[in-house]
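K.L.:
Got a file for you: run.pdb, PDB, C-alpha atoms and all ligand atoms.
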MODEL        1
ATOM      1  CA  MET A   1     -26.755 -29.891 -19.507  1.00  0.00           C
ATOM      2  CA  LYS A   2     -28.408 -26.645 -20.546  1.00  0.00           C
ATOM      3  CA  CYS A   3     -30.021 -25.606 -23.807  1.00  0.00           C
ATOM      4  CA  LYS A   4     -27.554 -23.438 -25.691  1.00  0.00           C
ATOM      5  CA  LYS A   5     -30.337 -21.276 -27.130  1.00  0.00           C
ATOM      6  CA  CYS A   6     -32.478 -20.498 -24.070  1.00  0.00           C
ATOM      7  CA  GLY A   7     -30.516 -21.866 -21.119  1.00  0.00           C
ATOM      8  CA  TYR A   8     -33.225 -24.296 -20.018  1.00  0.00           C
ATOM      9  CA  GLU A   9     -31.974 -27.196 -17.870  1.00  0.00           C
ATOM     10  CA  LEU A  10     -32.158 -30.331 -20.044  1.00  0.00           C
ATOM     11  CA  LYS A  11     -32.157 -34.040 -19.415  1.00  0.00           C
ATOM     12  CA  ASP A  12     -29.655 -36.055 -21.432  1.00  0.00           C
ATOM     13  CA  GLU A  13     -32.263 -38.149 -23.200  1.00  0.00           C
ATOM     14  CA  TRP A  14     -34.321 -35.183 -24.479  1.00  0.00           C
ATOM     15  CA  LYS A  15     -34.151 -34.562 -28.197  1.00  0.00           C
ATOM     16  CA  ILE A  16     -36.036 -31.246 -28.211  1.00  0.00           C
ATOM     17  CA  CYS A  17     -35.855 -28.350 -25.732  1.00  0.00           C
ATOM     18  CA  PRO A  18     -39.282 -28.103 -24.008  1.00  0.00           C
ATOM     19  CA  GLN A  19     -38.995 -24.326 -23.687  1.00  0.00           C
ATOM     20  CA  CYS A  20     -37.774 -23.075 -27.072  1.00  0.00           C
ATOM     21  CA  HIS A  21     -38.351 -26.241 -29.123  1.00  0.00           C
ATOM     22  CA  GLU A  22     -34.796 -26.217 -30.424  1.00  0.00           C
ATOM     23  CA  VAL A  23     -33.797 -29.595 -31.830  1.00  0.00           C
ATOM     24  CA  LEU A  24     -30.967 -30.726 -29.647  1.00  0.00           C
ATOM     25  CA  ASP A  25     -27.777 -32.312 -30.780  1.00  0.00           C
ATOM     26  CA  ASP A  26     -24.507 -32.060 -28.899  1.00  0.00           C
ATOM     27  CA  LYS A  27     -23.823 -28.643 -30.390  1.00  0.00           C
ATOM     28  CA  ASN A  28     -26.983 -27.227 -28.843  1.00  0.00           C
ATOM     29  CA  ARG A  29     -26.246 -28.492 -25.382  1.00  0.00           C
ATOM     30  CA  VAL A  30     -23.932 -26.634 -23.058  1.00  0.00           C
ATOM     31  CA  ASN A  31     -22.050 -28.986 -20.813  1.00  0.00           C
ATOM     32  CA  THR A  32     -22.557 -27.168 -17.517  1.00  0.00           C
ATOM     33  CA  LYS A  33     -20.443 -29.577 -15.518  1.00  0.00           C
ATOM     34  CA  LYS A  34     -17.497 -28.884 -17.753  1.00  0.00           C
ATOM     35  CA  LEU A  35     -18.075 -25.142 -17.424  1.00  0.00           C
ATOM     36  CA  GLU A  36     -18.286 -25.422 -13.635  1.00  0.00           C
ATOM     37  CA  ASP A  37     -15.074 -27.429 -13.559  1.00  0.00           C
ATOM     38  CA  GLU A  38     -13.343 -24.816 -15.667  1.00  0.00           C
ATOM     39  CA  ASN A  39     -14.611 -22.046 -13.411  1.00  0.00           C
ATOM     40  CA  LYS A  40     -13.384 -23.874 -10.343  1.00  0.00           C
ATOM     41  CA  LYS A  41      -9.999 -24.431 -11.961  1.00  0.00           C
ATOM     42  CA  GLU A  42      -9.740 -20.738 -12.794  1.00  0.00           C
ATOM     43  CA  ILE A  43     -10.652 -19.711  -9.255  1.00  0.00           C
ATOM     44  CA  THR A  44      -8.096 -22.087  -7.723  1.00  0.00           C
ATOM     45  CA  LYS A  45      -5.479 -20.821 -10.135  1.00  0.00           C
ATOM     46  CA  LYS A  46      -6.230 -17.212  -9.196  1.00  0.00           C
ATOM     47  CA  LYS A  47      -5.949 -18.065  -5.516  1.00  0.00           C
ATOM     48  CA  GLU A  48      -2.626 -19.779  -6.140  1.00  0.00           C
ATOM     49  CA  ASP A  49      -1.415 -16.776  -8.139  1.00  0.00           C
ATOM     50  CA  ASN A  50      -2.349 -14.434  -5.307  1.00  0.00           C
ATOM     51  CA  LYS A  51      -0.558 -16.642  -2.822  1.00  0.00           C
ATOM     52  CA  SER A  52       2.585 -16.877  -4.929  1.00  0.00           C
ATOM     53  CA  ASN A  53       2.514 -13.090  -5.432  1.00  0.00           C
ATOM     54  CA  GLU A  54       2.635 -12.707  -1.651  1.00  0.00           C
ATOM     55  CA  TYR A  55       5.544 -15.142  -1.506  1.00  0.00           C
ATOM     56  CA  ILE A  56       7.378 -13.226  -4.243  1.00  0.00           C
ATOM     57  CA  GLY A  57       6.947 -10.027  -2.224  1.00  0.00           C
ATOM     58  CA  ALA A  58       8.307 -11.675   0.921  1.00  0.00           C
ATOM     59  CA  TYR A  59      11.282 -13.205  -0.880  1.00  0.00           C
ATOM     60  CA  LEU A  60      12.141  -9.932  -2.598  1.00  0.00           C
ATOM     61  CA  LEU A  61      11.887  -8.025   0.677  1.00  0.00           C
ATOM     62  CA  ILE A  62      14.290 -10.409   2.459  1.00  0.00           C
ATOM     63  CA  PHE A  63      16.572 -10.468  -0.588  1.00  0.00           C
ATOM     64  CA  PHE A  64      16.935  -6.699  -0.994  1.00  0.00           C
ATOM     65  CA  LEU A  65      17.118  -6.040   2.755  1.00  0.00           C
ATOM     66  CA  SER A  66      19.952  -8.515   3.270  1.00  0.00           C
ATOM     67  CA  LEU A  67      21.679  -7.324   0.098  1.00  0.00           C
ATOM     68  CA  LEU A  68      21.550  -3.675   1.221  1.00  0.00           C
ATOM     69  CA  LEU A  69      22.687  -4.515   4.766  1.00  0.00           C
ATOM     70  CA  GLY A  70      25.504  -6.604   3.290  1.00  0.00           C
ATOM     71  CA  ILE A  71      26.653  -3.788   1.045  1.00  0.00           C
ATOM     72  CA  PHE A  72      26.560  -1.037   3.665  1.00  0.00           C
ATOM     73  CA  ILE A  73      27.511  -2.780   6.919  1.00  0.00           C
ATOM     74  CA  SER A  74      30.886  -4.419   6.471  1.00  0.00           C
ATOM     75  CA  GLU A  75      30.795  -6.241   9.854  1.00  0.00           C
ATOM     76  CA  ILE A  76      27.906  -8.476   8.764  1.00  0.00           C
ATOM     77  CA  ARG A  77      28.596  -8.383   5.026  1.00  0.00           C
ATOM     78  CA  TRP A  78      29.180 -12.072   4.369  1.00  0.00           C
ATOM     79  CA  ILE A  79      26.284 -13.272   6.528  1.00  0.00           C
ATOM     80  CA  CYS A  80      23.906 -10.866   4.752  1.00  0.00           C
ATOM     81  CA  LEU A  81      25.179 -11.755   1.297  1.00  0.00           C
ATOM     82  CA  ALA A  82      24.817 -15.442   2.149  1.00  0.00           C
ATOM     83  CA  ILE A  83      21.220 -14.834   3.276  1.00  0.00           C
ATOM     84  CA  SER A  84      20.383 -12.960   0.065  1.00  0.00           C
ATOM     85  CA  PHE A  85      22.015 -15.745  -1.955  1.00  0.00           C
ATOM     86  CA  ILE A  86      20.011 -18.481  -0.198  1.00  0.00           C
ATOM     87  CA  THR A  87      16.810 -16.421  -0.437  1.00  0.00           C
ATOM     88  CA  ILE A  88      17.005 -15.864  -4.183  1.00  0.00           C
ATOM     89  CA  ILE A  89      17.907 -19.506  -4.860  1.00  0.00           C
ATOM     90  CA  THR A  90      15.014 -20.731  -2.679  1.00  0.00           C
ATOM     91  CA  ALA A  91      12.641 -18.319  -4.428  1.00  0.00           C
ATOM     92  CA  HIS A  92      13.861 -19.511  -7.816  1.00  0.00           C
ATOM     93  CA  ILE A  93      13.244 -23.156  -6.880  1.00  0.00           C
ATOM     94  CA  LYS A  94       9.871 -22.620  -5.170  1.00  0.00           C
ATOM     95  CA  LEU A  95       8.427 -20.124  -7.663  1.00  0.00           C
ATOM     96  CA  PRO A  96       9.756 -21.220 -11.061  1.00  0.00           C
ATOM     97  CA  ASN A  97       6.952 -19.360 -12.892  1.00  0.00           C
ATOM     98  CA  SER A  98       7.785 -15.921 -11.557  1.00  0.00           C
ATOM     99  CA  LYS A  99       9.525 -13.754 -14.136  1.00  0.00           C
ATOM    100  CA  VAL A 100      10.685 -11.201 -11.542  1.00  0.00           C
ATOM    101  CA  ILE A 101      12.412 -13.891  -9.485  1.00  0.00           C
ATOM    102  CA  LYS A 102      13.912 -15.408 -12.635  1.00  0.00           C
ATOM    103  CA  VAL A 103      15.406 -12.077 -13.786  1.00  0.00           C
ATOM    104  CA  ILE A 104      16.829 -11.221 -10.354  1.00  0.00           C
ATOM    105  CA  PHE A 105      18.185 -14.752  -9.947  1.00  0.00           C
ATOM    106  CA  TRP A 106      20.122 -14.611 -13.228  1.00  0.00           C
ATOM    107  CA  LEU A 107      21.346 -11.049 -12.608  1.00  0.00           C
ATOM    108  CA  TYR A 108      22.601 -12.250  -9.237  1.00  0.00           C
ATOM    109  CA  ILE A 109      24.349 -15.278 -10.764  1.00  0.00           C
ATOM    110  CA  ILE A 110      25.937 -13.078 -13.464  1.00  0.00           C
ATOM    111  CA  GLY A 111      27.003 -10.642 -10.725  1.00  0.00           C
ATOM    112  CA  ILE A 112      28.687 -13.454  -8.799  1.00  0.00           C
ATOM    113  CA  ILE A 113      30.447 -14.727 -11.936  1.00  0.00           C
ATOM    114  CA  ILE A 114      31.735 -11.233 -12.741  1.00  0.00           C
ATOM    115  CA  TYR A 115      32.914 -10.859  -9.128  1.00  0.00           C
ATOM    116  CA  ILE A 116      34.758 -14.200  -9.269  1.00  0.00           C
ATOM    117  CA  LEU A 117      36.376 -13.239 -12.605  1.00  0.00           C
ATOM    118  CA  TYR A 118      37.418  -9.921 -11.065  1.00  0.00           C
ATOM    119  CA  ILE A 119      39.036 -11.682  -8.093  1.00  0.00           C
ATOM    120  CA  LEU A 120      40.794 -14.139 -10.446  1.00  0.00           C
ATOM    121  CA  PHE A 121      42.020 -11.221 -12.553  1.00  0.00           C
ATOM    122  CA  ILE A 122      43.442  -9.468  -9.494  1.00  0.00           C
ATOM    123  CA  LEU A 123      45.086 -12.722  -8.374  1.00  0.00           C
ATOM    124  CA  PHE A 124      46.504 -13.184 -11.861  1.00  0.00           C
ATOM    125  CA  LEU A 125      47.989  -9.680 -11.871  1.00  0.00           C
ATOM    126  CA  PHE A 126      49.343 -10.236  -8.377  1.00  0.00           C
ATOM    127  CA  VAL A 127      51.040 -13.520  -9.269  1.00  0.00           C
ATOM    128  CA  LYS A 128      52.350 -12.181 -12.578  1.00  0.00           C
ATOM    129  CA  TYR A 129      53.790  -8.882 -11.394  1.00  0.00           C
ATOM    130  CA  ILE A 130      54.803  -9.499  -7.781  1.00  0.00           C
ATOM    131  CA  PRO A 131      58.229 -11.033  -8.759  1.00  0.00           C
ATOM    132  CA  GLU A 132      59.036  -8.003 -10.927  1.00  0.00           C
ATOM    133  CA  PHE A 133      57.881  -5.740  -8.119  1.00  0.00           C
ATOM    134  CA  LEU A 134      60.112  -7.530  -5.590  1.00  0.00           C
ATOM    135  CA  ASP A 135      63.001  -7.430  -8.085  1.00  0.00           C
ATOM    136  CA  SER A 136      62.579  -3.706  -8.552  1.00  0.00           C
ATOM    137  CA  LEU A 137      62.576  -3.237  -4.766  1.00  0.00           C
ATOM    138  CA  SER A 138      65.788  -5.257  -4.246  1.00  0.00           C
ATOM    139  CA  SER A 139      67.583  -3.633  -7.176  1.00  0.00           C
ATOM    140  CA  CYS A 140      66.692  -0.138  -5.984  1.00  0.00           C
ATOM    141  CA  PRO A 141      69.841   1.538  -4.705  1.00  0.00           C
ATOM    142  CA  GLY A 142      69.725   2.445  -1.031  1.00  0.00           C
TER     143      GLY A 142
HETATM  144 ZN    ZN A 201     -34.113 -24.145 -25.257  1.00  0.00          ZN
ENDMDL
END
In structure tokens, write the structure found in this file.
Ligand SMILES: [Zn+2]
P.N.:
Amino acid sequence: MKCKKCGYELKDEWKICPQCHEVLDDKNRVNTKKLEDENKKEITKKKEDNKSNEYIGAYLLIFFLSLLLGIFISEIRWICLAISFITIITAHIKLPNSKVIKVIFWLYIIGIIIYILYILFILFLFVKYIPEFLDSLSSCPG
């Protein structure tokens, strides 16, 4: 405990600060242990934040690299897209507090949903119009 007025180190049983003669109740004592604990907590939190920032950087690097490779090199497209998919899901699970990861994760999921809808739409058109197309071919004279 310290005196809140002058900062003198106090013993718990003292009623008056020997340095500034402040009458001490709980309000006039600063609980130094509590402060130290809070400081330590803050420092650990900062360290953790720094660490997770490094992880975010690494995840994003792998994600964008594999995504770009997948888009531009058709021979390894599906492997690269799978890697980017696994990377962003892992990042989302391991770093649930990161806003950047969260945004990219949901954009990616929305992208996949749109892609699947697009494929379904194409399939739908294909199934719907292929009989007419075949009909028109067979009815074409010559
Ligand atoms: Zn004092």
K.L.:
Collect all residues with atoms no farther than 7 Å from ligand ZN 201 (chain A), counting only C-alpha atoms and all ligand atoms, and output them as a count of residues only.
P.N.:
12
K.L.:
Can you build me a table of region 96-119 of chain A residues sitting at most 10 Å from region 80-87 of chain A, with the closest atom pair per residue and its distance in Å to one decimal, using all atoms listed in the file, sorted by chain and residue number, as a tab-separated table?
P.N.:
residue	atom	partner	partner_atom	distance
A:Phe105	CA	A:Phe85	CA	8.9
A:Tyr108	CA	A:Phe85	CA	8.1
A:Ile109	CA	A:Phe85	CA	9.1
A:Ile112	CA	A:Phe85	CA	9.8
K.L.:
State, in Å with one decimal place, the distance from CA of Asn53 (chain A) to CA of Leu65 (chain A).
P.N.:
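We find that CA of Asn53 (chain A) and CA of Leu65 (chain A) lie 18.2 Å from each other.
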K.L.:
Please determine, counting all atoms listed in the file, which residue among A:Ile116, A:Val30, A:Ile104, A:Leu125 has the shortest atom-to-atom distance to Ala91 (chain A).
P.N.:
A:Ile104
K.L.:
Report the distance between CA of Gly57 (chain A) and CA of Val100 (chain A) in Å, rounded to one decimal place.
P.N.:
10.1 Å
K.L.:
Would you compute the distance between CA of Thr44 (chain A) and CA of Lys102 (chain A)? Give it in Å to one decimal.
P.N.:
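CA of Thr44 (chain A) sits 23.5 Å away from CA of Lys102 (chain A).
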K.L.:
Pick the closest to Ser98 (chain A) from A:Leu137, A:Asp25, A:Tyr59, A:Leu35: which is it, counting only C-alpha atoms?
P.N.:
A:Tyr59
K.L.:
Looking at A:Ile88, A:Ile79, A:Ala58, A:Ile73, which one is nearest to Leu107 (chain A), with distances taken over only C-alpha atoms?
P.N.:
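Of all the options, A:Ile88 lies closest to Leu107 (chain A).
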K.L.:
Write out as JSON an axis-aligned box for region 65-71 of chain A: all of its atoms listed in the file, 5 Å added on each side, centre and edge lengths in Å with one decimal.
P.N.:
{"center_x": 21.9, "center_y": -6.1, "center_z": 2.4, "size_x": 19.5, "size_y": 14.8, "size_z": 14.7}
K.L.:
Calculated over all atoms listed in the file, which of the candidates A:Lys40, A:Lys47, A:Arg29, A:His92 has the smallest distance to Lys11 (chain A)?
P.N.:
A:Arg29
